[in-house]
Structures are given as C-alpha cells and as structure tokens.
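Note: the block below is final_3.tsv and it holds TSV, C-alpha atoms and all ligand atoms.
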```
chain	number	residue	atom	x	y	z
S	1421	MET	CA	-18.62	-7.83	19.74
S	1422	ILE	CA	-15.11	-7.01	20.90
S	1423	TYR	CA	-13.07	-7.47	17.76
S	1424	LEU	CA	-9.44	-8.37	18.45
S	1425	ASP	CA	-8.73	-9.72	14.98
S	1426	GLY	CA	-8.14	-6.56	12.97
S	1427	ASN	CA	-4.60	-7.82	12.29
S	1428	SER	CA	-6.14	-10.59	10.21
S	1429	LEU	CA	-9.20	-8.93	8.66
S	1430	GLY	CA	-10.16	-5.35	9.41
S	1431	PRO	CA	-13.87	-4.43	9.65
S	1432	PRO	CA	-15.64	-2.34	7.02
S	1433	VAL	CA	-15.69	1.40	7.60
S	1434	ARG	CA	-19.17	2.54	8.50
S	1435	ASP	CA	-20.63	3.32	5.07
S	1436	ALA	CA	-18.68	0.78	3.01
S	1437	GLY	CA	-21.94	-0.92	2.08
S	1438	ALA	CA	-23.42	2.32	0.73
S	1439	ARG	CA	-20.29	2.94	-1.36
S	1440	LEU	CA	-20.41	-0.54	-2.87
S	1441	GLN	CA	-24.11	-0.13	-3.57
S	1442	ARG	CA	-23.36	3.15	-5.37
S	1443	PHE	CA	-20.70	1.42	-7.41
S	1444	ALA	CA	-23.15	-1.29	-8.45
S	1445	THR	CA	-25.97	1.07	-9.38
S	1446	ASP	CA	-24.48	4.44	-10.43
S	1447	GLU	CA	-21.14	3.35	-11.86
S	1448	TRP	CA	-21.19	-0.22	-13.14
S	1449	GLY	CA	-24.99	-0.33	-13.44
S	1450	THR	CA	-25.34	2.96	-15.29
S	1451	HIS	CA	-22.08	3.66	-17.09
S	1452	LEU	CA	-21.13	0.07	-17.86
S	1453	ILE	CA	-17.91	0.03	-19.87
S	1454	GLY	CA	-17.79	3.83	-19.75
S	1455	GLY	CA	-16.96	3.48	-16.05
S	1456	TRP	CA	-13.35	2.63	-16.86
S	1457	ASP	CA	-12.75	6.25	-17.80
S	1458	ARG	CA	-15.71	8.15	-16.33
S	1459	ASP	CA	-15.44	6.63	-12.88
S	1460	GLY	CA	-11.66	6.38	-12.97
S	1461	TRP	CA	-11.45	2.59	-12.66
S	1462	ILE	CA	-8.57	2.40	-15.11
S	1463	SER	CA	-6.32	4.54	-12.91
S	1464	ALA	CA	-7.41	3.07	-9.56
S	1465	GLY	CA	-4.22	1.04	-9.03
S	1466	ALA	CA	-1.97	4.07	-9.25
S	1467	ARG	CA	-4.41	6.26	-7.33
S	1468	LEU	CA	-4.54	3.69	-4.52
S	1469	GLY	CA	-0.76	3.52	-4.57
S	1470	ARG	CA	-0.67	7.25	-3.82
S	1471	LEU	CA	-3.05	6.70	-0.90
S	1472	ILE	CA	-0.90	3.88	0.50
S	1473	ALA	CA	2.34	5.85	0.08
S	1474	PRO	CA	2.05	7.94	3.27
S	1475	TRP	CA	1.36	4.79	5.33
S	1476	VAL	CA	4.70	3.34	4.26
S	1477	GLY	CA	6.82	6.48	3.99
S	1478	ALA	CA	7.09	6.38	0.20
S	1479	ALA	CA	6.79	8.93	-2.57
S	1480	ASP	CA	3.61	9.07	-4.65
S	1481	ASP	CA	5.13	7.26	-7.61
S	1482	GLU	CA	6.73	4.38	-5.71
S	1483	VAL	CA	3.66	2.34	-4.79
S	1484	ILE	CA	1.18	0.48	-6.96
S	1485	VAL	CA	-1.89	-1.44	-5.80
S	1486	CYS	CA	-2.44	-4.67	-7.70
S	1487	ASP	CA	-2.83	-8.43	-7.33
S	1488	SER	CA	-2.32	-10.16	-3.98
S	1489	THR	CA	0.58	-9.99	-1.58
S	1490	THR	CA	1.57	-13.49	-2.61
S	1491	ILE	CA	1.73	-12.58	-6.30
S	1492	ASN	CA	3.53	-9.32	-5.63
S	1493	LEU	CA	6.10	-11.16	-3.57
S	1494	HIS	CA	6.68	-13.57	-6.47
S	1495	LYS	CA	7.16	-10.63	-8.81
S	1496	LEU	CA	9.45	-8.57	-6.62
S	1497	LEU	CA	11.62	-11.44	-5.47
S	1498	HIS	CA	12.14	-12.44	-9.07
S	1499	ALA	CA	12.91	-8.80	-9.89
S	1500	ALA	CA	15.44	-8.61	-7.05
S	1501	LEU	CA	17.30	-11.68	-8.31
S	1502	ARG	CA	17.53	-10.13	-11.76
S	1503	LEU	CA	18.79	-6.87	-10.27
S	1504	ARG	CA	21.71	-8.77	-8.66
S	1505	PRO	CA	22.51	-11.34	-11.36
S	1506	THR	CA	25.94	-12.29	-10.04
S	1507	ARG	CA	24.62	-13.25	-6.61
S	1508	ARG	CA	22.79	-16.54	-6.26
S	1509	VAL	CA	21.50	-16.68	-2.69
S	1510	VAL	CA	18.23	-15.51	-1.13
S	1511	LEU	CA	18.49	-14.75	2.57
S	1512	ALA	CA	15.24	-15.43	4.42
S	1513	ALA	CA	13.95	-16.01	7.92
S	1514	ALA	CA	13.90	-19.52	9.36
S	1515	ASP	CA	10.25	-19.02	10.25
S	1516	ASP	CA	7.98	-16.62	8.44
S	1517	PHE	CA	4.42	-16.43	7.12
S	1518	PRO	CA	3.73	-19.53	4.98
S	1519	THR	CA	3.33	-17.58	1.73
S	1520	ASP	CA	6.73	-15.98	2.29
S	1521	MET	CA	8.32	-19.37	3.01
S	1522	TYR	CA	6.84	-20.97	-0.11
S	1523	VAL	CA	7.46	-18.06	-2.47
S	1524	VAL	CA	11.09	-17.77	-1.42
S	1525	ASP	CA	11.67	-21.48	-2.05
S	1526	ALA	CA	9.76	-21.49	-5.33
S	1527	VAL	CA	11.27	-18.34	-6.87
S	1528	ALA	CA	14.78	-19.31	-5.80
S	1529	GLU	CA	14.35	-22.68	-7.48
S	1530	LEU	CA	12.92	-21.09	-10.60
S	1531	CYS	CA	15.92	-18.78	-10.83
S	1532	GLY	CA	18.51	-21.44	-10.04
S	1533	CYS	CA	19.33	-19.83	-6.70
S	1534	THR	CA	19.64	-21.24	-3.21
S	1535	VAL	CA	17.97	-20.14	0.00
S	1536	ARG	CA	19.83	-19.44	3.23
S	1537	ARG	CA	17.55	-19.35	6.24
S	1538	ALA	CA	18.48	-17.71	9.51
S	1539	ASP	CA	16.64	-15.79	12.21
S	1540	ALA	CA	16.76	-12.10	11.49
S	1541	HIS	CA	18.55	-11.30	14.74
S	1542	SER	CA	21.52	-13.30	13.50
S	1543	TRP	CA	21.64	-11.71	10.03
S	1544	ARG	CA	24.19	-9.17	11.25
S	1545	GLY	CA	26.93	-11.70	11.78
S	1546	ILE	CA	26.73	-13.60	8.51
S	1547	ASP	CA	28.69	-13.17	5.32
S	1548	LEU	CA	26.34	-11.80	2.69
S	1549	SER	CA	28.79	-11.54	-0.18
S	1550	ASP	CA	26.79	-14.02	-2.28
S	1551	VAL	CA	23.36	-12.80	-1.15
S	1552	ALA	CA	21.24	-11.02	-3.76
S	1553	VAL	CA	18.37	-10.11	-1.48
S	1554	GLY	CA	17.12	-10.48	2.06
S	1555	VAL	CA	13.37	-11.14	2.45
S	1556	LEU	CA	11.61	-10.60	5.73
S	1557	SER	CA	8.27	-9.75	7.31
S	1558	HIS	CA	8.44	-6.48	9.20
S	1559	VAL	CA	6.13	-7.87	11.89
S	1560	HIS	CA	6.03	-11.62	12.42
S	1561	TYR	CA	2.50	-12.92	11.84
S	1562	ARG	CA	2.53	-15.25	14.83
S	1563	THR	CA	4.71	-13.72	17.53
S	1564	GLY	CA	4.20	-10.08	16.61
S	1565	GLN	CA	7.98	-9.52	16.72
S	1566	LEU	CA	8.79	-6.17	15.08
S	1567	HIS	CA	12.05	-6.10	13.16
S	1568	ASP	CA	14.24	-3.02	12.83
S	1569	LEU	CA	13.60	-2.24	9.19
S	1570	ALA	CA	16.16	0.55	8.87
S	1571	GLU	CA	18.94	-1.33	10.62
S	1572	LEU	CA	18.49	-4.60	8.74
S	1573	THR	CA	18.19	-2.77	5.42
S	1574	ALA	CA	21.44	-0.93	6.13
S	1575	ASP	CA	23.16	-4.23	7.02
S	1576	LEU	CA	22.05	-5.81	3.75
S	1577	HIS	CA	23.18	-2.76	1.77
S	1578	ALA	CA	26.55	-2.70	3.52
S	1579	GLN	CA	27.25	-6.06	1.89
S	1580	GLY	CA	25.70	-5.25	-1.46
S	1581	ALA	CA	22.39	-7.08	-1.04
S	1582	LEU	CA	18.91	-5.74	-1.65
S	1583	ALA	CA	16.16	-5.55	0.99
S	1584	LEU	CA	12.64	-6.86	0.26
S	1585	TRP	CA	10.16	-6.33	3.08
S	1586	ASP	CA	6.72	-7.81	3.61
S	1587	LEU	CA	4.71	-5.15	5.42
S	1588	SER	CA	1.46	-7.13	5.66
S	1589	HIS	CA	1.35	-7.18	9.43
S	1590	SER	CA	2.76	-3.70	10.02
S	1591	VAL	CA	1.12	-1.34	7.53
S	1592	GLY	CA	-1.56	0.70	9.27
S	1593	ALA	CA	-0.29	-0.34	12.70
S	1594	VAL	CA	3.33	0.78	12.85
S	1595	PRO	CA	5.01	3.86	11.38
S	1596	ILE	CA	7.03	2.80	8.32
S	1597	ALA	CA	9.63	4.92	6.54
S	1598	LEU	CA	10.69	3.04	3.40
S	1599	ASP	CA	12.34	5.99	1.67
S	1600	ALA	CA	14.14	7.19	4.78
S	1601	ALA	CA	15.47	3.66	5.36
S	1602	ASP	CA	16.49	3.39	1.70
S	1603	VAL	CA	14.47	0.17	1.28
S	1604	ASP	CA	14.60	-1.33	-2.21
S	1605	LEU	CA	11.41	-3.36	-2.51
S	1606	ALA	CA	8.34	-4.05	-0.41
S	1607	VAL	CA	4.94	-5.69	-0.57
S	1608	GLY	CA	1.98	-5.65	1.76
S	1609	CYS	CA	-1.58	-6.40	2.46
S	1610	THR	CA	-4.52	-3.98	2.73
S	1611	TYR	CA	-7.24	-6.11	4.33
S	1612	LYS	CA	-5.62	-6.25	7.77
S	1613	PHE	CA	-4.99	-2.95	9.57
S	1614	LEU	CA	-6.07	-0.90	6.53
S	1615	ASN	CA	-9.59	-2.39	6.47
S	1616	GLY	CA	-9.79	-2.85	2.68
S	1617	GLY	CA	-12.07	-5.91	2.85
S	1618	PRO	CA	-11.51	-9.66	2.44
S	1619	GLY	CA	-9.08	-10.25	-0.41
S	1620	ALA	CA	-8.57	-6.52	-1.01
S	1621	PRO	CA	-5.82	-5.83	-3.56
S	1622	ALA	CA	-2.27	-5.69	-2.22
S	1623	PHE	CA	0.51	-3.20	-2.87
S	1624	ALA	CA	4.05	-3.24	-4.16
S	1625	TYR	CA	6.78	-0.66	-3.57
S	1626	VAL	CA	9.84	-0.15	-5.73
S	1627	ALA	CA	12.34	2.57	-4.78
S	1628	ARG	CA	12.38	5.19	-7.49
S	1629	GLY	CA	16.02	4.59	-8.38
S	1630	LEU	CA	15.37	0.91	-9.12
S	1631	GLN	CA	12.20	1.26	-11.14
S	1632	ALA	CA	13.71	1.57	-14.60
S	1633	ALA	CA	15.71	-1.64	-14.12
S	1634	THR	CA	12.92	-3.60	-12.46
S	1635	THR	CA	11.41	-6.43	-14.47
S	1636	THR	CA	8.44	-8.61	-13.71
S	1637	PRO	CA	8.09	-12.30	-14.51
S	1638	ILE	CA	4.29	-11.99	-14.76
S	1639	VAL	CA	3.81	-9.50	-17.56
S	1640	GLY	CA	0.38	-8.51	-18.76
S	1641	TRP	CA	-1.28	-5.99	-20.97
S	1642	LEU	CA	-2.14	-3.50	-18.22
S	1643	GLY	CA	1.54	-3.27	-17.26
S	1644	HIS	CA	2.35	-2.27	-20.82
S	1645	ALA	CA	3.46	1.29	-21.57
S	1646	ASP	CA	0.40	1.76	-23.79
S	1647	PRO	CA	-2.19	-0.98	-23.19
S	1648	PHE	CA	-4.68	0.20	-25.79
S	1649	ALA	CA	-2.10	0.31	-28.56
S	1650	MET	CA	-2.71	-3.46	-28.48
S	1651	ALA	CA	0.90	-3.97	-29.48
S	1652	HIS	CA	2.24	-7.46	-30.15
S	1653	ARG	CA	5.40	-6.85	-28.16
S	1654	TYR	CA	5.56	-6.11	-24.47
S	1655	ARG	CA	7.07	-2.78	-23.50
S	1656	PRO	CA	6.94	-2.05	-19.75
S	1657	ALA	CA	5.14	0.98	-18.36
S	1658	ALA	CA	7.50	3.68	-17.13
S	1659	GLY	CA	7.42	3.17	-13.37
S	1660	VAL	CA	5.82	0.88	-10.81
S	1661	GLU	CA	2.83	0.47	-13.10
S	1662	ARG	CA	4.82	-2.15	-14.99
S	1663	LEU	CA	4.03	-4.49	-12.09
S	1664	VAL	CA	0.35	-4.50	-13.02
S	1665	THR	CA	-0.63	-7.77	-14.67
S	1666	GLY	CA	-4.19	-7.90	-15.99
S	1667	THR	CA	-7.60	-6.46	-15.20
S	1668	PRO	CA	-8.04	-5.89	-11.47
S	1669	SER	CA	-11.15	-6.53	-9.39
S	1670	VAL	CA	-12.62	-3.02	-9.48
S	1671	ILE	CA	-15.07	-3.78	-6.70
S	1672	GLY	CA	-12.13	-4.66	-4.45
S	1673	GLN	CA	-10.33	-1.47	-5.40
S	1674	ILE	CA	-13.43	0.63	-4.67
S	1675	ALA	CA	-13.83	-0.88	-1.19
S	1676	LEU	CA	-10.16	-0.24	-0.45
S	1677	GLU	CA	-10.25	3.31	-1.73
S	1678	HIS	CA	-13.25	4.03	0.44
S	1679	ALA	CA	-11.51	2.63	3.53
S	1680	LEU	CA	-8.31	4.59	2.84
S	1681	ALA	CA	-10.29	7.79	2.37
S	1682	ALA	CA	-12.05	7.21	5.70
S	1683	ILE	CA	-8.78	6.82	7.61
S	1684	GLY	CA	-6.83	9.33	5.54
S	1685	ASP	CA	-6.47	11.89	8.34
S	1686	VAL	CA	-5.32	9.39	10.92
S	1687	ASP	CA	-1.74	9.83	12.16
S	1688	VAL	CA	-0.08	6.41	12.33
S	1689	ALA	CA	2.09	7.63	15.22
S	1690	HIS	CA	-1.07	8.05	17.28
S	1691	VAL	CA	-2.39	4.68	16.11
S	1692	ARG	CA	0.85	3.12	17.26
S	1693	GLN	CA	0.96	4.90	20.61
S	1694	LYS	CA	-2.56	3.89	21.54
S	1695	ALA	CA	-2.10	0.32	20.25
S	1696	MET	CA	0.97	-0.11	22.47
S	1697	ALA	CA	-1.03	1.12	25.46
S	1698	LEU	CA	-3.93	-1.22	24.65
S	1699	GLY	CA	-1.55	-4.16	24.32
S	1700	GLU	CA	0.15	-3.32	27.59
S	1701	LEU	CA	-3.19	-3.06	29.37
S	1702	PHE	CA	-4.11	-6.50	28.05
S	1703	THR	CA	-0.85	-8.22	29.02
S	1704	ASP	CA	-0.87	-6.56	32.46
S	1705	LEU	CA	-4.41	-7.77	33.09
S	1706	VAL	CA	-3.62	-11.29	31.88
S	1707	ASP	CA	-0.57	-11.40	34.18
S	1708	GLN	CA	-2.60	-10.13	37.08
S	1709	GLU	CA	-5.70	-12.28	36.57
S	1710	LEU	CA	-4.13	-15.44	35.19
S	1711	PRO	CA	-0.54	-15.69	36.39
S	1712	GLY	CA	1.36	-18.55	34.80
S	1713	VAL	CA	-1.57	-19.68	32.63
S	1714	PHE	CA	-0.19	-18.52	29.28
S	1715	THR	CA	3.25	-18.28	27.73
S	1716	LEU	CA	3.82	-14.88	26.16
S	1717	HIS	CA	5.11	-15.60	22.64
S	1718	SER	CA	5.42	-11.89	21.83
S	1719	PRO	CA	8.20	-9.64	23.04
S	1720	ARG	CA	7.40	-8.20	26.46
S	1721	GLN	CA	8.44	-4.69	25.35
S	1722	PRO	CA	5.59	-2.98	23.44
S	1723	THR	CA	8.12	-1.18	21.21
S	1724	GLN	CA	9.44	-4.54	20.00
S	1725	ARG	CA	6.14	-5.89	18.78
S	1726	GLY	CA	3.62	-4.87	16.13
S	1727	GLY	CA	-0.13	-4.56	16.49
S	1728	HIS	CA	-0.94	-7.93	17.99
S	1729	ILE	CA	-0.01	-10.15	20.90
S	1730	ALA	CA	0.46	-13.92	20.94
S	1731	LEU	CA	-0.26	-16.07	23.97
S	1732	GLY	CA	0.63	-19.75	24.04
S	1733	HIS	CA	-1.63	-22.43	25.54
S	1734	PRO	CA	-2.10	-26.10	24.59
S	1735	ASP	CA	-5.90	-25.56	24.54
S	1736	GLY	CA	-5.58	-22.47	22.37
S	1737	TYR	CA	-8.19	-23.46	19.82
S	1738	ALA	CA	-10.83	-24.28	22.46
S	1739	ILE	CA	-10.12	-21.05	24.36
S	1740	ILE	CA	-10.54	-18.94	21.21
S	1741	GLN	CA	-13.85	-20.70	20.49
S	1742	ALA	CA	-15.09	-20.07	24.04
S	1743	LEU	CA	-14.17	-16.40	23.69
S	1744	ILE	CA	-15.94	-16.10	20.35
S	1745	ALA	CA	-19.05	-17.60	21.94
S	1746	ARG	CA	-18.85	-14.70	24.43
S	1747	GLY	CA	-18.39	-12.03	21.77
S	1748	VAL	CA	-14.61	-11.65	22.03
S	1749	VAL	CA	-13.02	-12.39	18.67
S	1750	GLY	CA	-9.37	-13.34	18.42
S	1751	ASP	CA	-7.86	-16.15	16.39
S	1752	PHE	CA	-5.80	-19.30	16.71
S	1753	ARG	CA	-2.65	-20.23	14.87
S	1754	ALA	CA	-1.34	-23.76	15.09
S	1755	PRO	CA	0.14	-25.27	17.09
S	1756	ASP	CA	-0.73	-23.34	20.26
S	1757	VAL	CA	-1.01	-19.61	19.63
S	1758	LEU	CA	-3.91	-17.37	20.61
S	1759	ARG	CA	-3.62	-14.08	18.73
S	1760	PHE	CA	-5.19	-10.83	19.87
S	1761	GLY	CA	-4.95	-7.76	17.66
S	1762	PHE	CA	-5.13	-4.21	18.99
S	1763	ALA	CA	-6.30	-2.16	16.05
S	1764	SER	CA	-6.49	1.10	17.91
S	1765	MET	CA	-8.45	3.07	15.30
S	1766	TYR	CA	-11.63	1.42	16.53
S	1767	LEU	CA	-10.85	-0.32	19.84
S	1768	SER	CA	-11.34	1.33	23.22
S	1769	PHE	CA	-9.54	0.72	26.50
S	1770	THR	CA	-12.85	-0.38	28.01
S	1771	GLN	CA	-13.26	-3.06	25.35
S	1772	VAL	CA	-9.75	-4.38	25.96
S	1773	PHE	CA	-10.36	-4.40	29.71
S	1774	ASP	CA	-13.62	-6.31	29.20
S	1775	ALA	CA	-11.93	-8.79	26.84
S	1776	ALA	CA	-9.26	-9.56	29.46
S	1777	MET	CA	-11.95	-10.09	32.11
S	1778	ILE	CA	-13.90	-12.43	29.83
S	1779	LEU	CA	-10.70	-14.38	29.12
S	1780	SER	CA	-10.13	-14.60	32.85
S	1781	GLU	CA	-13.63	-15.96	33.40
S	1782	VAL	CA	-13.24	-18.51	30.58
S	1783	MET	CA	-10.00	-19.81	32.09
S	1784	ARG	CA	-11.04	-19.82	35.75
S	1785	SER	CA	-14.36	-21.53	35.08
S	1786	GLY	CA	-12.83	-24.03	32.67
S	1787	ALA	CA	-15.63	-23.13	30.24
S	1788	TYR	CA	-13.26	-23.57	27.30
S	1789	GLU	CA	-13.06	-27.30	27.99
S	1790	ASP	CA	-16.50	-27.66	26.39
S	1791	PHE	CA	-14.95	-26.53	23.11
S	1792	ARG	CA	-12.12	-29.04	23.02
S	1793	SER	CA	-13.87	-31.34	20.62
S	1794	ALA	CA	-15.55	-28.55	18.63
S	1795	GLN	CA	-15.55	-29.14	14.90
S	1796	ARG	CA	-12.76	-26.98	13.51
S	1797	GLY	CA	-13.58	-24.56	10.72
S	1798	ARG	CA	-11.23	-24.37	7.76
S	1799	VAL	CA	-10.20	-20.95	9.03
S	1800	THR	CA	-9.01	-20.94	12.64
S	1901	LIG	C1	-1.48	-11.73	5.56
S	1901	LIG	C2	-0.14	-11.95	5.00
S	1901	LIG	C3	0.02	-12.33	3.67
S	1901	LIG	C4	-1.20	-12.55	2.83
S	1901	LIG	O1	-0.96	-12.86	1.51
S	1901	LIG	P1	-2.21	-13.03	0.52
S	1901	LIG	O2	-1.59	-13.15	-0.79
S	1901	LIG	O3	-3.06	-11.81	0.71
S	1901	LIG	O4	-2.98	-14.23	0.96
S	1901	LIG	C5	1.29	-12.47	3.18
S	1901	LIG	N1	2.37	-12.30	3.98
S	1901	LIG	C6	2.25	-11.94	5.27
S	1901	LIG	C7	3.45	-11.72	6.11
S	1901	LIG	C8	0.99	-11.78	5.83
S	1901	LIG	O5	0.85	-11.44	7.11
```

Please re-express this file's structure in structure tokens.
Amino acid sequence: MIYLDGNSLGPPVRDAGARLQRFATDEWGTHLIGGWDRDGWISAGARLGRLIAPWVGAADDEVIVCDSTTINLHKLLHAALRLRPTRRVVLAAADDFPTDMYVVDAVAELCGCTVRRADAHSWRGIDLSDVAVGVLSHVHYRTGQLHDLAELTADLHAQGALALWDLSHSVGAVPIALDAADVDLAVGCTYKFLNGGPGAPAFAYVARGLQAATTTPIVGWLGHADPFAMAHRYRPAAGVERLVTGTPSVIGQIALEHALAAIGDVDVAHVRQKAMALGELFTDLVDQELPGVFTLHSPRQPTQRGGHIALGHPDGYAIIQALIARGVVGDFRAPDVLRFGFASMYLSFTQVFDAAMILSEVMRSGAYEDFRSAQRGRVT
C-alpha cells in the first residue's frame, strides 16, 4: 500500500500492537485499579502534554492532553470570551473545518456574542476593536493552505484580541513555535501526523501567563486541584490541568504515548523539508503526466501549504476509489477534492513517484469511470 492519507489518520508505529497487548495483560490485566498509580495512568495527560510541547514550540507546563479537539475547542473558545469580557465578537474564517465552524457558532451563541467571518488573508485590514478572539486552523483541512501563525497572532494582539489556533492539520508536519509567536490558546489533534491512533486524545495549549485566569465551561473532578479530596466545591487545578474533565480513555493515551516515544527524536524541520520535496515531486509529475486534468486547490508554493495537497476533479470520489483499488490511498472531500498527504516520516520518494504514475494510468485509461456509481462509504 502507498499510504497518502497520514494527514487524516496516521498508521500505527511498528510495535503499537505489542504495547497495547502489554497494557491489557501486564498493566490493566495484572494491576487492575493499582495501574492508576503504578503504571502512571493518572498522570498520563500531563506527561503526554510534555511530549507534545516540543512539536508545538511550547514549554512543558503549557500543554495538556485530554478529550477531543472538538471538546477542547469548545473549552478554549469559551475561556477566550471570558478573558475578554468587554468584547463581544469572535473572528473566524469564512471556510474552515466543520467542527471549527460549528463550535464557533455554538459557543458564540451560548455566550451572547456574534461571529464575524472573513478569509484570513483579509484579517489585516479589518477593525478588531470589538473582537475578543480570532479562531483559525493553521493549515486548512481541504486546500492545505498554511497560514502565517506569528503574523496573524501579532495582528490580533495589536488590536487587543486573543489568538486561538487549531493545529490539527499542522502538528507533526510543520514546525510550530507557539511561545515564540506569543500565541494565547491552541488545540490540536494527535491521530493525524502524530500517529496516535483513531480517536486518540487531543491536546490543548494555554500560554503560561493566561493559565491562572483561564476558566473552563466543562468542569470535572479530574480538573480539580485535588480530585481525591472528593470536595463538594470545584476548585481548579493550578495550570493547564484544569482543562481536564473526567476519566480519560487510558488505552488511547497509551497508544499515543507509544507513538510519540517512537518519533521523539525526529526533527520536525527535516520532516517538513522532505514533505515539501515529496509534494513538489507529486505536483510536478501530475503536471507532466496529466496536464490540465486537475485543478490545483492548494497553493503552488510548497512553503505556503501544509502536509497535504488538494486536487480538484468532478469525478474525485470515483478516482480515489480507483486508486484505493490499486493500493494508493488518498481521500475525497466533497464536493470535488482529492486529498493526498505526504507524511514524510514513513513515505519514500519512490512511493510518491509510483503513486503519481498509478494516478496517471487511472486517468488515461478511464478506469475510474467504473467507480462512478460505487456505493459510498460513510467515510470518504
Ligand atoms: C481533524 C480535525 C479536527 C478533528 O476534531 P475531532 O474532535 O478529533 O473529531 C478538528 N479540527 C480540524 C481543523 C481538523 O483538521
């Protein structure tokens, strides 16, 4: 298989199965409830946060792993609006990942705020005097457009607004420097380029200076300062740990920790450099083999896109199915986008070359036409 979908779900690291087996037999199966302390389950969220920190340019105590990206976005957007109580507008992109669109609308409504939507490239020109927070995906899930995180954060700050970034499509693919850019809040996903496994727990980042004033709308006992005091009144944990809600899925945390340990020595600058070269090889070959067949929905410049490339074609779904039947796995996003991810930690130039040649064959032969009426899965 040539796997060009690591931007959507990364593969397991080689011995992930053995690690999960060990968890089931030696930890859970042998220690039972003792595993919370003995096997360190109780501190896994904070420990994982420290492992994510270098991938996002944060300090050890600024990242916590918990819940899903969607839930963390709910929490941090709500927190941002409470940190800027005199401002009643959320600035968001006109087109972003569905969860981000829905959460922005829902949290704004819940807080009695309004949403202003505008493409990020036009954020510079607008008056932000009533904006509490700007929310944006670092890399656009469909087009792969990479936004200038430092520049947009500085623009928001210049007018007194906070910056909340969704790093789901950039973490593990693109160097990120949250502290250096003075970012306030961020969330992100660990099952894409970080290979944590389907539904792996997500992360949340809160700049150290904001932590003491940060509140969460979804409180729970494990975000309490002293969970086993079993107190009747909520008192938040000191730092980012206050964002923890309830008991996490330990099996998910274990799989993620194992993946992060396996890629711990990898330099994201090298990941990025090779991924840009892989992407360029692919687009060059598509141009050469199939001129005019696809519309490039991603920026042409490798430095302006994240870890994946989007090609437009009205038969996108059928083409992706024909490729999958030939062992080349990409994905389709409605209405017409074929996405190909270049997760360079495990993809070779030869594989990308072969994938482009197989795409060329599928298009020239018209073989994809057989898949036009294929029954669509729930996941495309
Ligand atoms: C993948 C992704 C998510 C996923 O959210 P879940 O809560 O894990 O389903 C959210 N936002 C963006 C931008 C994504 O790319």

Problem - Local residues around (-9.9, -26.0, 8.9), at most 12 Å away, using only C-alpha atoms, as a PyMOL selection string - result: chain S and resi 1737+1752-1754+1794-1800

Determine, counting only C-alpha atoms, every residue of protein, DNA or RNA that lies within 12 Å of (3.2, -20.2, 6.5) in the file coordinates, then give the result as a short mmCIF file (atom, residue, chain, number, x, y, z; two decimals) with C-alpha atoms, in the coordinates of the input.
```cif
data_model
loop_
_atom_site.label_atom_id
_atom_site.label_comp_id
_atom_site.auth_asym_id
_atom_site.auth_seq_id
_atom_site.Cartn_x
_atom_site.Cartn_y
_atom_site.Cartn_z
CA THR S 1490 1.57 -13.49 -2.61
CA ALA S 1513 13.95 -16.01 7.92
CA ALA S 1514 13.90 -19.52 9.36
CA ASP S 1515 10.25 -19.02 10.25
CA ASP S 1516 7.98 -16.62 8.44
CA PHE S 1517 4.42 -16.43 7.12
CA PRO S 1518 3.73 -19.53 4.98
CA THR S 1519 3.33 -17.58 1.73
CA ASP S 1520 6.73 -15.98 2.29
CA MET S 1521 8.32 -19.37 3.01
CA TYR S 1522 6.84 -20.97 -0.11
CA VAL S 1523 7.46 -18.06 -2.47
CA VAL S 1524 11.09 -17.77 -1.42
CA SER S 1557 8.27 -9.75 7.31
CA HIS S 1560 6.03 -11.62 12.42
CA TYR S 1561 2.50 -12.92 11.84
CA ARG S 1562 2.53 -15.25 14.83
CA ARG S 1753 -2.65 -20.23 14.87
CA ALA S 1754 -1.34 -23.76 15.09
#
```

Handout entry: Nearest candidate to ligand LIG 1901 (chain S) (options S:Arg1508, S:Arg1502, S:Lys1612, S:Arg1434; using only C-alpha atoms and all ligand atoms)
Key = S:Lys1612

Problem - Selection: 12 Å around region 1633-1643 of chain S, all atoms listed in the file, excl. self and same-chain fewer than 5 positions, as a ChimeraX atom specification - result: /S:1462-1463,1465-1466,1484,1486-1487,1491-1504,1527,1530-1531,1604-1605,1624-1628,1648-1668

Exercise for the section: Tell me, as a count of residues only, which residues lie within 12 Å of Pro1431 (chain S), counting all atoms listed in the file; anything in the same chain fewer than 4 positions away does not count. Expected result: 26

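Among the candidate residues S:Gln1579, S:Gln1741, S:Ser1768, S:Thr1723, the one lying nearest to Ala1552 (chain S) is S:Gln1579, with distances computed using all atoms listed in the file.
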
Each side padded by 3 Å, which centre and which edge lengths in Å (one decimal) define the axis-aligned box around the listed atoms of region 1520-1532 of chain S? Give them as JSON.
```
{"center_x": 12.6, "center_y": -19.3, "center_z": -3.9, "size_x": 17.8, "size_y": 12.7, "size_z": 19.8}
```

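Coordinates place CA of Arg1536 (chain S) at a distance of 18.3 Å from atom C7 of ligand LIG 1901 (chain S).
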
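For Trp1585 (chain S), the non-local neighbours within 7 Å, defined as residues at least 2 positions apart in the same chain or in other chains and counting all atoms listed in the file, are S:Val1555, S:Leu1556, S:Ser1557, S:His1558, S:Ala1583, S:Leu1587, S:Leu1605, S:Ala1606, S:Val1607.
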